[in-house]
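J.: Below you'll find final_31.txt; it's compact mmCIF, C-alpha atoms.
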```txt
# COMPACT_ATOMS: atom_id res chain seq x y z
CA MET A 609 2.97 -5.82 -17.65
CA ASN A 610 -0.29 -5.24 -15.77
CA ILE A 611 -0.49 -2.24 -13.47
CA LEU A 612 -3.26 -1.26 -11.06
CA LEU A 613 -3.39 2.38 -9.94
CA VAL A 614 -5.55 2.89 -6.86
CA TYR A 615 -6.31 6.60 -6.74
CA ALA A 616 -7.78 8.58 -3.85
CA HIS A 617 -8.49 12.27 -4.46
CA PRO A 618 -11.94 13.85 -4.75
CA GLU A 619 -11.07 16.48 -7.38
CA PRO A 620 -10.16 15.27 -10.90
CA ARG A 621 -8.86 18.76 -11.81
CA SER A 622 -6.34 18.70 -8.96
CA LEU A 623 -2.60 18.18 -9.24
CA ASN A 624 -3.26 14.60 -8.18
CA GLY A 625 -5.72 14.20 -11.02
CA ALA A 626 -3.22 15.57 -13.54
CA LEU A 627 -0.46 13.29 -12.24
CA ARG A 628 -2.80 10.30 -12.41
CA ASP A 629 -3.62 11.07 -16.05
CA PHE A 630 0.08 11.49 -16.81
CA SER A 631 0.89 8.14 -15.20
CA VAL A 632 -1.77 6.29 -17.19
CA ARG A 633 -0.56 7.82 -20.50
CA HIS A 634 3.10 7.20 -19.66
CA LEU A 635 2.58 3.58 -18.66
CA GLU A 636 0.35 2.78 -21.63
CA GLN A 637 2.83 4.38 -24.03
CA ALA A 638 5.46 2.07 -22.55
CA GLY A 639 3.30 -0.90 -23.47
CA HIS A 640 1.76 -1.69 -20.08
CA ALA A 641 -1.90 -2.52 -19.43
CA VAL A 642 -3.36 -0.18 -16.82
CA GLN A 643 -6.47 -0.31 -14.67
CA VAL A 644 -7.47 2.58 -12.40
CA SER A 645 -9.57 2.27 -9.27
CA ASP A 646 -10.71 5.88 -8.78
CA LEU A 647 -12.23 5.49 -5.34
CA TYR A 648 -14.13 8.78 -5.16
CA ALA A 649 -15.52 8.37 -8.67
CA MET A 650 -16.52 4.81 -7.74
CA ARG A 651 -18.23 6.13 -4.59
CA TRP A 652 -16.33 3.45 -2.74
CA LYS A 653 -17.91 2.26 0.50
CA ALA A 654 -15.18 2.88 3.06
CA ALA A 655 -16.65 1.28 6.18
CA LEU A 656 -15.96 -2.37 6.94
CA ASP A 657 -19.14 -3.78 8.49
CA ALA A 658 -21.59 -6.67 8.49
CA ASP A 659 -23.03 -5.61 5.12
CA ASP A 660 -19.80 -6.78 3.43
CA ASP A 661 -21.03 -10.37 3.80
CA THR A 662 -24.19 -10.79 1.77
CA ALA A 663 -25.04 -13.89 3.84
CA HIS A 664 -24.73 -12.17 7.22
CA GLY A 665 -27.76 -13.03 9.30
CA ALA A 666 -30.04 -10.36 10.74
CA GLY A 667 -29.15 -9.73 14.37
CA GLU A 668 -26.01 -11.85 14.13
CA ARG A 669 -22.98 -10.45 15.95
CA PHE A 670 -20.40 -8.89 13.61
CA ARG A 671 -16.83 -10.14 14.02
CA ALA A 672 -14.52 -8.44 11.53
CA ALA A 673 -11.91 -11.12 10.90
CA GLU A 674 -14.17 -14.15 11.25
CA ASP A 675 -16.93 -12.71 9.07
CA SER A 676 -14.40 -11.56 6.48
CA LEU A 677 -12.89 -15.04 6.23
CA ARG A 678 -16.29 -16.71 6.03
CA ALA A 679 -17.46 -14.41 3.25
CA PHE A 680 -14.21 -14.85 1.32
CA GLU A 681 -14.26 -18.64 1.56
CA ARG A 682 -17.96 -18.99 0.80
CA GLY A 683 -18.01 -16.46 -2.02
CA THR A 684 -20.52 -14.23 -0.25
CA GLN A 685 -18.43 -11.03 -0.24
CA ARG A 686 -20.02 -7.94 -1.71
CA SER A 687 -19.19 -7.78 -5.40
CA ASP A 688 -17.17 -4.55 -5.11
CA ILE A 689 -14.71 -6.30 -2.79
CA GLY A 690 -14.32 -9.26 -5.12
CA HIS A 691 -13.73 -7.04 -8.14
CA GLU A 692 -10.87 -5.21 -6.41
CA GLN A 693 -9.32 -8.50 -5.30
CA GLU A 694 -9.43 -9.68 -8.90
CA LYS A 695 -7.58 -6.51 -9.97
CA LEU A 696 -4.89 -7.15 -7.36
CA LEU A 697 -4.42 -10.72 -8.59
CA TRP A 698 -4.29 -9.46 -12.20
CA ALA A 699 -1.68 -6.79 -11.49
CA ASP A 700 2.07 -7.25 -11.68
CA ALA A 701 2.49 -3.92 -9.90
CA VAL A 702 0.22 -1.72 -7.81
CA ILE A 703 0.48 2.04 -7.30
CA LEU A 704 -1.35 3.72 -4.45
CA GLN A 705 -1.69 7.44 -5.19
CA PHE A 706 -3.02 9.86 -2.60
CA PRO A 707 -2.49 13.22 -0.91
CA LEU A 708 -0.90 13.07 2.53
CA TRP A 709 -3.74 14.16 4.82
CA TRP A 710 -3.01 14.37 8.52
CA PHE A 711 0.07 12.19 8.19
CA SER A 712 -1.71 9.31 6.48
CA MET A 713 -3.86 8.29 3.54
CA PRO A 714 -7.40 9.61 2.99
CA ALA A 715 -10.06 7.64 4.84
CA ILE A 716 -11.55 6.30 1.61
CA LEU A 717 -8.26 4.60 0.72
CA LYS A 718 -7.88 3.17 4.21
CA GLY A 719 -11.40 1.82 3.78
CA TRP A 720 -10.38 0.20 0.51
CA VAL A 721 -7.61 -1.62 2.39
CA ASP A 722 -9.91 -2.57 5.27
CA ARG A 723 -12.43 -4.20 2.96
CA VAL A 724 -10.37 -5.56 0.05
CA TYR A 725 -7.65 -7.04 2.26
CA ALA A 726 -10.05 -9.74 3.46
CA CYS A 727 -9.08 -12.47 5.89
CA GLY A 728 -8.03 -15.45 3.81
CA PHE A 729 -6.97 -13.15 0.99
CA ALA A 730 -4.40 -10.70 2.36
CA TYR A 731 -4.08 -11.89 5.94
CA GLY A 732 -4.76 -15.01 7.95
CA VAL A 733 -3.03 -17.18 5.35
CA GLY A 734 -0.34 -19.82 5.70
CA GLU A 735 0.91 -22.15 8.40
CA HIS A 736 1.11 -20.87 11.97
CA SER A 737 3.58 -22.93 13.98
CA ASP A 738 6.71 -22.62 16.11
CA THR A 739 8.81 -22.20 12.96
CA HIS A 740 6.54 -20.32 10.53
CA TRP A 741 4.04 -17.67 11.61
CA GLY A 742 1.79 -17.25 8.63
CA ASP A 743 2.60 -16.16 5.09
CA ARG A 744 3.21 -12.46 5.64
CA TYR A 745 5.93 -9.79 5.65
CA GLY A 746 7.57 -10.88 2.42
CA GLU A 747 5.27 -13.82 1.73
CA GLY A 748 1.58 -14.15 1.04
CA THR A 749 -1.07 -13.85 -1.63
CA LEU A 750 0.56 -10.87 -3.34
CA ALA A 751 4.17 -12.11 -3.25
CA GLY A 752 6.04 -11.61 -6.52
CA LYS A 753 4.26 -8.35 -7.26
CA ARG A 754 5.63 -4.84 -6.84
CA ALA A 755 4.09 -1.80 -5.20
CA MET A 756 4.86 1.90 -4.91
CA LEU A 757 3.30 4.92 -3.26
CA VAL A 758 2.82 8.16 -5.18
CA VAL A 759 2.16 10.82 -2.57
CA THR A 760 1.60 14.57 -2.66
CA ALA A 761 2.36 16.76 0.35
CA GLY A 762 1.69 20.44 0.91
CA GLY A 763 4.75 21.01 3.07
CA TRP A 764 8.33 21.64 2.08
CA GLU A 765 10.63 18.66 1.60
CA PRO A 766 12.83 19.66 4.60
CA HIS A 767 9.73 19.50 6.80
CA TYR A 768 9.82 15.73 6.17
CA GLY A 769 13.59 15.33 6.31
CA PRO A 770 15.69 13.48 8.92
CA ARG A 771 15.42 16.46 11.31
CA GLY A 772 12.19 17.95 10.00
CA ILE A 773 9.37 18.98 12.31
CA ASN A 774 6.91 16.55 10.69
CA GLY A 775 9.21 13.57 11.09
CA PRO A 776 11.03 11.67 8.35
CA ILE A 777 8.80 10.79 5.42
CA GLY A 778 9.98 7.17 5.62
CA ASP A 779 8.75 6.93 9.21
CA ILE A 780 5.41 8.54 8.35
CA LEU A 781 4.84 6.09 5.50
CA PHE A 782 6.24 3.03 7.31
CA PRO A 783 2.82 1.75 8.47
CA ILE A 784 1.60 1.85 4.88
CA GLN A 785 4.70 0.52 3.15
CA HIS A 786 5.60 -2.16 5.68
CA GLY A 787 2.23 -2.90 7.28
CA ILE A 788 -0.08 -2.65 4.25
CA LEU A 789 2.14 -3.44 1.25
CA PHE A 790 4.97 -5.66 2.51
CA TYR A 791 2.65 -7.59 4.86
CA PRO A 792 0.77 -9.47 2.09
CA GLY A 793 3.95 -10.01 0.07
CA PHE A 794 4.57 -7.02 -2.19
CA GLU A 795 8.12 -5.95 -2.99
CA VAL A 796 7.85 -2.28 -2.00
CA LEU A 797 9.70 0.41 -3.93
CA PRO A 798 10.79 3.67 -2.28
CA PRO A 799 7.91 6.16 -2.40
CA HIS A 800 7.63 8.97 -4.90
CA VAL A 801 6.67 12.15 -3.05
CA ALA A 802 5.86 15.55 -4.57
CA TYR A 803 6.21 18.42 -2.07
CA ARG A 804 4.76 21.97 -1.90
CA THR A 805 1.91 20.93 -4.14
CA GLY A 806 0.04 24.20 -3.73
CA ARG A 807 2.98 26.10 -5.23
CA ILE A 808 3.54 24.11 -8.41
CA ASP A 809 3.27 26.23 -11.56
CA GLU A 810 3.36 25.11 -15.19
CA ALA A 811 7.13 24.70 -15.22
CA GLY A 812 6.99 22.93 -11.88
CA PHE A 813 4.35 20.56 -13.20
CA ALA A 814 6.58 19.66 -16.14
CA ARG A 815 9.40 18.87 -13.71
CA ALA A 816 7.01 16.86 -11.54
CA CYS A 817 5.96 14.78 -14.54
CA ASP A 818 9.57 14.18 -15.56
CA ALA A 819 10.43 12.99 -12.06
CA LEU A 820 7.36 10.74 -11.86
CA GLY A 821 8.05 9.35 -15.33
CA GLN A 822 11.52 8.25 -14.25
CA ARG A 823 10.06 6.40 -11.28
CA LEU A 824 7.43 4.73 -13.44
CA ASP A 825 10.14 3.61 -15.85
CA GLY A 826 11.88 1.87 -12.96
CA LEU A 827 8.78 0.18 -11.60
CA PHE A 828 10.10 -3.28 -12.48
CA THR A 829 13.84 -2.64 -12.22
CA ASP A 830 14.46 -0.35 -9.24
CA ARG A 831 15.65 -1.98 -6.01
CA PRO A 832 12.86 -2.37 -3.47
CA ILE A 833 13.11 -1.27 0.15
CA PRO A 834 15.10 -4.04 1.88
CA PHE A 835 12.55 -4.97 4.53
CA ARG A 836 13.48 -8.05 6.53
CA ARG A 837 11.37 -11.11 5.73
CA GLN A 838 9.52 -12.48 8.72
CA ASN A 839 10.17 -16.18 8.17
CA ALA A 840 13.72 -15.94 6.81
CA GLY A 841 15.45 -16.30 10.18
CA ASP A 842 15.88 -12.70 11.36
CA TYR A 843 12.96 -12.90 13.79
CA ARG A 844 12.29 -15.35 16.57
CA VAL A 845 9.15 -17.39 15.98
CA PRO A 846 6.55 -17.24 17.44
CA GLN A 847 7.66 -14.14 19.43
CA LEU A 848 8.34 -12.25 16.17
CA ASP A 849 10.94 -9.94 17.68
CA LEU A 850 14.25 -9.30 15.95
CA ARG A 851 17.11 -11.53 17.05
CA GLU A 852 19.32 -9.87 19.66
CA ASP A 853 22.45 -10.21 17.51
CA LEU A 854 20.86 -8.12 14.73
CA ALA A 855 20.97 -4.33 15.21
CA PRO A 856 21.98 -4.85 18.88
CA GLY A 857 20.79 -2.10 21.22
CA ALA A 858 18.72 -0.43 18.52
CA SER A 859 14.97 -0.08 18.19
CA GLY A 860 12.44 1.68 15.99
CA PHE A 861 11.44 1.28 12.36
CA GLY A 862 15.01 1.16 11.06
CA ILE A 863 15.80 -2.21 12.60
CA HIS A 864 13.37 -3.83 10.15
CA LEU A 865 15.58 -2.86 7.21
CA ASP A 866 18.23 -5.40 6.21
CA PRO A 867 21.62 -3.67 5.78
CA ARG A 868 23.14 -6.68 4.04
CA PRO A 869 23.71 -6.42 0.26
CA ALA A 870 20.86 -7.78 -1.84
```
For this file, write the structure as structure tokens.
T.:
Amino acid sequence: MNILLVYAHPEPRSLNGALRDFSVRHLEQAGHAVQVSDLYAMRWKAALDADDDTAHGAGERFRAAEDSLRAFERGTQRSDIGHEQEKLLWADAVILQFPLWWFSMPAILKGWVDRVYACGFAYGVGEHSDTHWGDRYGEGTLAGKRAMLVVTAGGWEPHYGPRGINGPIGDILFPIQHGILFYPGFEVLPPHVAYRTGRIDEAGFARACDALGQRLDGLFTDRPIPFRRQNAGDYRVPQLDLREDLAPGASGFGIHLDPRPA
């Protein structure tokens, strides 16, 4: 299978760098083809702006969605954007690997999403009507592919537990897993998170690799997070709120998980 690893850490000698190298070796030894987008090494341009359309006219007003769609449809995107889109189309599975910085991904990775997820490619696709509101949240360009986050965190695991001070790790990562990965169609696997990264010694690193290796082995067999599909009947269209008979009286991220057996 084809696997794209999008990696965002500035130091190749870091724990993240070592885990990235382990993942590539482990996946290739299992017979997979692997591409790595090392964003810092690539000096990835993080800012979405008018320069992303090579045909943007001087003095012309910049409109993010409209300009993105025009450049995508006309083939005037900057080449770095197109190359990353080609990798996404090539991949059967995508891994986003990053350190948890201020409760989110590093800015360079968010900039990769902002620019590569062009209108017409990752959003703004499909029919918009009273019965179907675009191909998204379970449908879309990247449907049929799998995705997983590999995240490192400096805090203790209980800090990110159900009653932890930082909030549950699933809630922290929800905007990424649901809003960035599930939105364009990925089947999203539960994240793999390594905690207390500044305290990992040689023995701890071996355990971390063993744990990561098990997750990589299940990349195409583990059950994905059961997010509700937008156009499968659970949400009213075009309001896109959950039907009142589903999770009645509840709110929050959890209502977007389907408790019914797969």
J.: What does the distance from atom CA of A:Ala802 to atom CA of A:Val702 come to in Å, to one decimal?
T.: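 Atom-to-atom, atom CA of A:Ala802 and atom CA of A:Val702 are spaced 18.5 Å apart.
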J.: Might you pull out every residue within 8 Å of A:His800, with only C-alpha atoms counted and same-chain residues fewer than 6 positions away left off, and present them as a count of residues only?
T.: 6
J.: Kindly indicate which residue among A:Leu704, A:Ala730, A:Leu781, A:Leu677 lies nearest to A:Leu612, using only C-alpha atoms for the distances.
T.: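 Among the listed residues, the smallest separation from A:Leu612 belongs to A:Leu704.
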J.: Write out, as CSV, each residue of stretch 747-804 of chain A that has an atom at most 12 Å from stretch 854-863 of chain A, together with the closest pair of atoms and their distance in Å to one decimal, counting all atoms listed in the file, rows going by chain and rising number.
T.:
```
residue,atom,partner,partner_atom,distance
A:Pro776,CA,A:Phe861,CA,11.1
A:Gly778,CA,A:Phe861,CA,9.1
A:Asp779,CA,A:Phe861,CA,7.0
A:Ile780,CA,A:Phe861,CA,10.3
A:Leu781,CA,A:Phe861,CA,10.7
A:Phe782,CA,A:Phe861,CA,7.5
A:Pro783,CA,A:Phe861,CA,9.5
A:Gln785,CA,A:Phe861,CA,11.4
A:His786,CA,A:Phe861,CA,9.5
A:Gly787,CA,A:Phe861,CA,11.3
```
J.: Quick one: everything within 10 Å of A:Trp764, counting only C-alpha atoms, minus sequence neighbours fewer than 4 positions away in the same chain. Send it as a list in words.
T.: Tyr768, Gly769, Gly772, Ala802, Tyr803, Arg804 and Thr805 of chain A
